[in-house]
Amino acid sequence: MMEGTAGVSGHRHPDEALLDDAAQLSERDPGGMLRFTASAGAQVRESAALAAEANLSVLADDGRPRAVVIAGIGTAGRTGDVLATVAGPRCPVPVIPHRSAGVPGWVGAADVVIAVSASGRSPEALGAAEAAHRRGARLVAVGAPDSQLQSVAERARAPFIPVPRRAPARASLWALTVPVLLAARTLGLVKVNEADLAETAARLDADADRCRPTAESFVNPAKSLALGLAGSIPIVWGSSPLATVAARRFGDTLSANARYPVVAGALGEAGRGRVGLLDGVFGGLAEGERDIFADPGDDESDGTRLRLVLLRDGGLNADDDTDEPLAVEERRADAVQTLAERRGVRCDVVTAEGGSALERLASLVAVPDFASIYLALAHGLDPMAVPAITEMKELANQ
């Protein structure tokens with residue numbers, strides 16, 4: 001075994017039959033990532049209740065802030081992206097995700113810092129909380145109870161929303177996101193009501209049922225998506241700002257859970273350069289050389305190719321003249337599907353559903369979250385245990 005591969009197991013080619021064997025899926029998922037992912041709806045409800053118990057009203061005492069900084073890394077950092085997109089372009093103040101230690105140099109008493117860490121001990125969140133306290137900024141902290149982050153919040157006499165550590169951070173997106181949204185609601189920056197939260201939780205429950213391990217591949221959208229992506233280089237593009245948050249989230253989970261390299265981002269940006277990937281050596285050039293009579297499992301004729309995943313929002317922004325017109329987003333999404341079809345590049349489409357921005361986001365996140373886990377399991381990988389992450393932490397902390 002090569003140095004550095006200790007603990008690495010699995011197989012390069014996916015075992016597609018495994019995905020329809022519920023007992024094998026359970027055995028290959030000893031850490032329970034499927035179960036944790038299925039708890040998303042419960043996370044929304046629990047975090048909303050915990051946020052309601054926190055003394056968030058003190059945030060509003062000093063009025064509207066100049067800016068809001070959401071400090072965190074990884075999944076905690078994604079909560080800032082969610083807030084920014086749910087608040088939308090009409091948000092009265094800047095919402096700024098911050099993914100490094102400390103806070104931007106301009107942060108002061110006129111601003112609010114929301115420090116987020118699932119473990120309650122990430123250097124980025126702790127550094128931001130400490131810096132916010134020193135500079136007199138209003139602080140909110142979200143993370144594990146009885147953690148270092150809670151201690152910093154208590155010293156600063158700042159609201160702390162405890163999020164019990166029931167799952168790994170990357171399976172805790174909703175547990176961390178809801179407190180951030182409710183803190184922002186207290187500041188008057190975002191409109192998220194109890195009905196939105198209830199409908200989002202119900203949507204996540206319904207998608208968890210559709211994607212359950214006992215549902216066979218032909219009726220399970222997550223298993224179908226995983227099988228389509230198997231052996232490919234995924235490109236995940238979102239048609240709108242909201243769908244782009246979901247696309248980047250899918251990139252995160254495909255990399256961490258399934259260990260796949262991913263290109264993820266906004267379709268609008270892709271149209272200025274990255275759409276050229278469809279013409280490249282893993283796109284149109286590879287598809288043009290395909291032997292249509294070859295066995296799909298023949299490695300020599302079936303080389304690595306792109307697989308496009310398009311997350312389409314559909315939007316609720318028709319009356320919002322500060323947003324990019326919905327018609328532009330829709331034409332762009334139609335265009336890239338046509339480009340992919342002309343080049344023989346396979347394309348999967350996930351379309352948002354729901355009456356609020358939060359519910360639509362949930363509808364774009366849920367199935368891809370499960371798909372990343374099923375893809376890992378098909379390759380014999382444990383989606384919970386990622387040796388490279390552990391080794392990275394050990395080496396970086398020496």
# chains A, B, ... in the order shown; residues from 1 in each chain; ligands from 1
call {"tool": "select_by_dssp", "arguments": {"residues": "range 217-278 of chain A", "states": "alpha helix (DSSP H)", "output": "ChimeraX atom specification"}}
result
/A:221-229,241-258,267-270
call {"tool": "closest_atom_pairs", "arguments": {"of": "range 335-355 of chain A", "to": "range 259-273 of chain A", "cutoff": "12 Å", "atoms": "only C-alpha atoms", "output": "CSV"}}
result
residue,atom,partner,partner_atom,distance
A:Ala335,CA,A:Gly271,CA,9.7
A:Val336,CA,A:Gly271,CA,8.3
A:Gln337,CA,A:Leu267,CA,11.2
A:Leu339,CA,A:Gly271,CA,11.0
call {"tool": "write_last_selection", "arguments": {"atoms": "N, CA and C atoms", "output": "mmCIF file, in the first residue's frame"}}
result
data_model
loop_
_atom_site.group_PDB
_atom_site.id
_atom_site.type_symbol
_atom_site.label_atom_id
_atom_site.label_comp_id
_atom_site.auth_asym_id
_atom_site.auth_seq_id
_atom_site.Cartn_x
_atom_site.Cartn_y
_atom_site.Cartn_z
ATOM 1 N N ALA A 335 -30.751 26.791 -23.445
ATOM 2 C CA ALA A 335 -29.630 26.817 -24.391
ATOM 3 C C ALA A 335 -28.556 25.807 -24.022
ATOM 4 N N VAL A 336 -28.200 25.718 -22.735
ATOM 5 C CA VAL A 336 -27.127 24.805 -22.361
ATOM 6 C C VAL A 336 -27.578 23.352 -22.506
ATOM 7 N N GLN A 337 -28.863 23.083 -22.281
ATOM 8 C CA GLN A 337 -29.356 21.728 -22.522
ATOM 9 C C GLN A 337 -29.249 21.375 -24.007
ATOM 10 N N LEU A 339 -27.072 22.685 -26.151
ATOM 11 C CA LEU A 339 -25.649 22.511 -26.441
ATOM 12 C C LEU A 339 -25.172 21.120 -26.043
#
call {"tool": "residues_around", "arguments": {"residues": "Gly31 in chain A", "least_positions_apart": "4", "cutoff": "9 Å", "atoms": "only C-alpha atoms", "output": "PyMOL selection string"}}
result
chain A and resi 35+382-385
call {"tool": "write_last_selection", "arguments": {"atoms": "all heavy atoms", "output": "short mmCIF file (atom, residue, chain, number, x, y, z; two decimals), in the first residue's frame"}}
result
data_model
loop_
_atom_site.label_atom_id
_atom_site.label_comp_id
_atom_site.auth_asym_id
_atom_site.auth_seq_id
_atom_site.Cartn_x
_atom_site.Cartn_y
_atom_site.Cartn_z
N ARG A 35 -29.13 7.88 7.03
CA ARG A 35 -30.07 8.20 8.10
C ARG A 35 -29.98 9.68 8.50
O ARG A 35 -30.98 10.36 8.69
CB ARG A 35 -29.80 7.31 9.32
CG ARG A 35 -30.78 7.49 10.46
CD ARG A 35 -30.51 6.54 11.61
NE ARG A 35 -29.30 6.90 12.36
CZ ARG A 35 -28.15 6.25 12.29
NH1 ARG A 35 -28.02 5.21 11.47
NH2 ARG A 35 -27.11 6.63 13.01
N ASP A 382 -17.04 4.46 2.25
CA ASP A 382 -17.82 4.85 3.41
C ASP A 382 -18.00 6.36 3.35
O ASP A 382 -17.03 7.10 3.49
CB ASP A 382 -17.07 4.45 4.69
CG ASP A 382 -17.83 4.83 5.96
OD1 ASP A 382 -18.85 5.54 5.86
OD2 ASP A 382 -17.38 4.42 7.05
N PRO A 383 -19.23 6.86 3.12
CA PRO A 383 -19.40 8.30 2.96
C PRO A 383 -19.12 9.09 4.23
O PRO A 383 -18.90 10.30 4.17
CB PRO A 383 -20.87 8.43 2.54
CG PRO A 383 -21.52 7.19 3.03
CD PRO A 383 -20.48 6.12 2.96
N MET A 384 -19.12 8.42 5.36
CA MET A 384 -18.85 9.11 6.62
C MET A 384 -17.35 9.32 6.83
O MET A 384 -16.90 10.42 7.18
CB MET A 384 -19.41 8.29 7.79
CG MET A 384 -19.04 8.84 9.16
SD MET A 384 -20.02 10.27 9.62
CE MET A 384 -21.49 9.45 10.22
N ALA A 385 -16.57 8.27 6.62
CA ALA A 385 -15.14 8.31 6.93
C ALA A 385 -14.34 8.74 5.70
O ALA A 385 -14.34 8.06 4.69
CB ALA A 385 -14.67 6.92 7.39
#
call {"tool": "residues_around", "arguments": {"residues": "range 342-347 of chain A", "least_positions_apart": "6", "cutoff": "6 Å", "atoms": "only C-alpha atoms", "output": "number ranges by chain"}}
result
A: 284, 287, 307-309
call {"tool": "closest_residue", "arguments": {"among": "A:Leu126, A:Ala167, A:Ala131, A:Ala371", "to": "Phe250 in chain A", "atoms": "only C-alpha atoms"}}
result
A:Ala371
call {"tool": "atom_distance", "arguments": {"atom1": "CA of Ser372 in chain A", "atom2": "CA of His13 in chain A"}}
result
15.4 Å
call {"tool": "residues_around", "arguments": {"residues": "Leu176 in chain A", "least_positions_apart": "3", "cutoff": "9 Å", "atoms": "only C-alpha atoms", "output": "list of chain:residue names"}}
result
A:Gln43, A:Val44, A:Ser47, A:Thr75, A:Ala76, A:Thr79, A:Val116, A:Ser117, A:Ala118, A:Val142, A:Gly143, A:Val163, A:Ala169, A:Ser172, A:Leu173, A:Pro179, A:Val180
call {"tool": "write_last_selection", "arguments": {"atoms": "N, CA, C and O atoms", "output": "mmCIF file, in the first residue's frame"}}
result
data_model
loop_
_atom_site.group_PDB
_atom_site.id
_atom_site.type_symbol
_atom_site.label_atom_id
_atom_site.label_comp_id
_atom_site.auth_asym_id
_atom_site.auth_seq_id
_atom_site.Cartn_x
_atom_site.Cartn_y
_atom_site.Cartn_z
ATOM 1 N N GLN A 43 -34.346 18.379 11.315
ATOM 2 C CA GLN A 43 -33.375 19.426 11.659
ATOM 3 C C GLN A 43 -34.020 20.809 11.587
ATOM 4 O O GLN A 43 -33.780 21.663 12.447
ATOM 5 N N VAL A 44 -34.819 21.039 10.549
ATOM 6 C CA VAL A 44 -35.484 22.335 10.405
ATOM 7 C C VAL A 44 -36.368 22.606 11.620
ATOM 8 O O VAL A 44 -36.333 23.689 12.220
ATOM 9 N N SER A 47 -34.189 23.024 14.980
ATOM 10 C CA SER A 47 -33.420 24.265 15.026
ATOM 11 C C SER A 47 -34.329 25.485 15.162
ATOM 12 O O SER A 47 -33.970 26.463 15.828
ATOM 13 N N THR A 75 -19.625 23.522 5.457
ATOM 14 C CA THR A 75 -21.081 23.601 5.485
ATOM 15 C C THR A 75 -21.553 24.822 6.265
ATOM 16 O O THR A 75 -22.538 25.468 5.889
ATOM 17 N N ALA A 76 -20.857 25.165 7.345
ATOM 18 C CA ALA A 76 -21.210 26.367 8.110
ATOM 19 C C ALA A 76 -21.109 27.603 7.225
ATOM 20 O O ALA A 76 -21.940 28.519 7.306
ATOM 21 N N THR A 79 -24.110 28.391 4.972
ATOM 22 C CA THR A 79 -25.294 29.038 5.546
ATOM 23 C C THR A 79 -25.338 30.511 5.158
ATOM 24 O O THR A 79 -26.421 31.083 4.998
ATOM 25 N N VAL A 116 -20.728 30.649 12.907
ATOM 26 C CA VAL A 116 -21.385 29.350 12.777
ATOM 27 C C VAL A 116 -20.337 28.241 12.750
ATOM 28 O O VAL A 116 -19.383 28.289 11.962
ATOM 29 N N SER A 117 -20.528 27.229 13.595
ATOM 30 C CA SER A 117 -19.632 26.063 13.603
ATOM 31 C C SER A 117 -20.381 24.884 14.182
ATOM 32 O O SER A 117 -20.851 24.940 15.326
ATOM 33 N N ALA A 118 -20.507 23.799 13.422
ATOM 34 C CA ALA A 118 -21.221 22.614 13.904
ATOM 35 C C ALA A 118 -20.573 22.049 15.160
ATOM 36 O O ALA A 118 -21.250 21.627 16.099
ATOM 37 N N VAL A 142 -23.807 30.240 16.564
ATOM 38 C CA VAL A 142 -24.605 29.039 16.287
ATOM 39 C C VAL A 142 -23.651 27.853 16.292
ATOM 40 O O VAL A 142 -22.670 27.837 15.528
ATOM 41 N N GLY A 143 -23.918 26.846 17.132
ATOM 42 C CA GLY A 143 -23.021 25.690 17.152
ATOM 43 C C GLY A 143 -23.355 24.722 18.260
ATOM 44 O O GLY A 143 -24.420 24.808 18.892
ATOM 45 N N VAL A 163 -26.959 23.971 18.684
ATOM 46 C CA VAL A 163 -27.370 22.988 17.679
ATOM 47 C C VAL A 163 -26.728 21.657 18.071
ATOM 48 O O VAL A 163 -25.517 21.468 17.899
ATOM 49 N N ALA A 169 -20.906 17.590 10.127
ATOM 50 C CA ALA A 169 -21.273 18.943 9.684
ATOM 51 C C ALA A 169 -21.920 18.933 8.308
ATOM 52 O O ALA A 169 -22.916 19.624 8.069
ATOM 53 N N SER A 172 -25.499 18.392 8.257
ATOM 54 C CA SER A 172 -26.210 19.260 9.208
ATOM 55 C C SER A 172 -26.538 20.618 8.606
ATOM 56 O O SER A 172 -26.690 21.605 9.342
ATOM 57 N N LEU A 173 -26.630 20.696 7.288
ATOM 58 C CA LEU A 173 -26.865 21.984 6.636
ATOM 59 C C LEU A 173 -28.096 22.684 7.191
ATOM 60 O O LEU A 173 -28.058 23.879 7.507
ATOM 61 N N PRO A 179 -31.147 28.615 12.173
ATOM 62 C CA PRO A 179 -30.850 29.677 13.149
ATOM 63 C C PRO A 179 -30.295 30.947 12.496
ATOM 64 O O PRO A 179 -30.598 32.058 12.944
ATOM 65 N N VAL A 180 -29.482 30.785 11.455
ATOM 66 C CA VAL A 180 -28.945 31.958 10.749
ATOM 67 C C VAL A 180 -30.082 32.759 10.117
ATOM 68 O O VAL A 180 -30.139 33.994 10.216
#
call {"tool": "closest_atom_pairs", "arguments": {"of": "range 46-90 of chain A", "to": "range 95-100 of chain A", "cutoff": "8 Å", "atoms": "only C-alpha atoms", "output": "JSON lines"}}
result
{"residue": "A:Ala67", "atom": "CA", "partner": "A:Val95", "partner_atom": "CA", "distance": 6.2}
{"residue": "A:Val68", "atom": "CA", "partner": "A:Val95", "partner_atom": "CA", "distance": 5.0}
{"residue": "A:Val69", "atom": "CA", "partner": "A:Ile96", "partner_atom": "CA", "distance": 4.8}
{"residue": "A:Ile70", "atom": "CA", "partner": "A:Pro97", "partner_atom": "CA", "distance": 4.8}
{"residue": "A:Ala71", "atom": "CA", "partner": "A:His98", "partner_atom": "CA", "distance": 4.8}
{"residue": "A:Gly72", "atom": "CA", "partner": "A:Arg99", "partner_atom": "CA", "distance": 5.4}
{"residue": "A:Ile73", "atom": "CA", "partner": "A:Arg99", "partner_atom": "CA", "distance": 5.1}
{"residue": "A:Gly77", "atom": "CA", "partner": "A:Arg99", "partner_atom": "CA", "distance": 6.2}
{"residue": "A:Arg78", "atom": "CA", "partner": "A:Pro97", "partner_atom": "CA", "distance": 7.9}
{"residue": "A:Gly80", "atom": "CA", "partner": "A:Pro97", "partner_atom": "CA", "distance": 4.8}
{"residue": "A:Asp81", "atom": "CA", "partner": "A:Pro97", "partner_atom": "CA", "distance": 6.4}
{"residue": "A:Leu83", "atom": "CA", "partner": "A:Val95", "partner_atom": "CA", "distance": 7.5}
{"residue": "A:Ala84", "atom": "CA", "partner": "A:Val95", "partner_atom": "CA", "distance": 5.6}
call {"tool": "residues_around", "arguments": {"residues": "Asn193 in chain A", "least_positions_apart": "5", "cutoff": "12 Å", "atoms": "only C-alpha atoms", "output": "VMD selection string"}}
result
chain A and resid 48 178 181 to 182 184 to 186 188 198 to 200 356 to 359
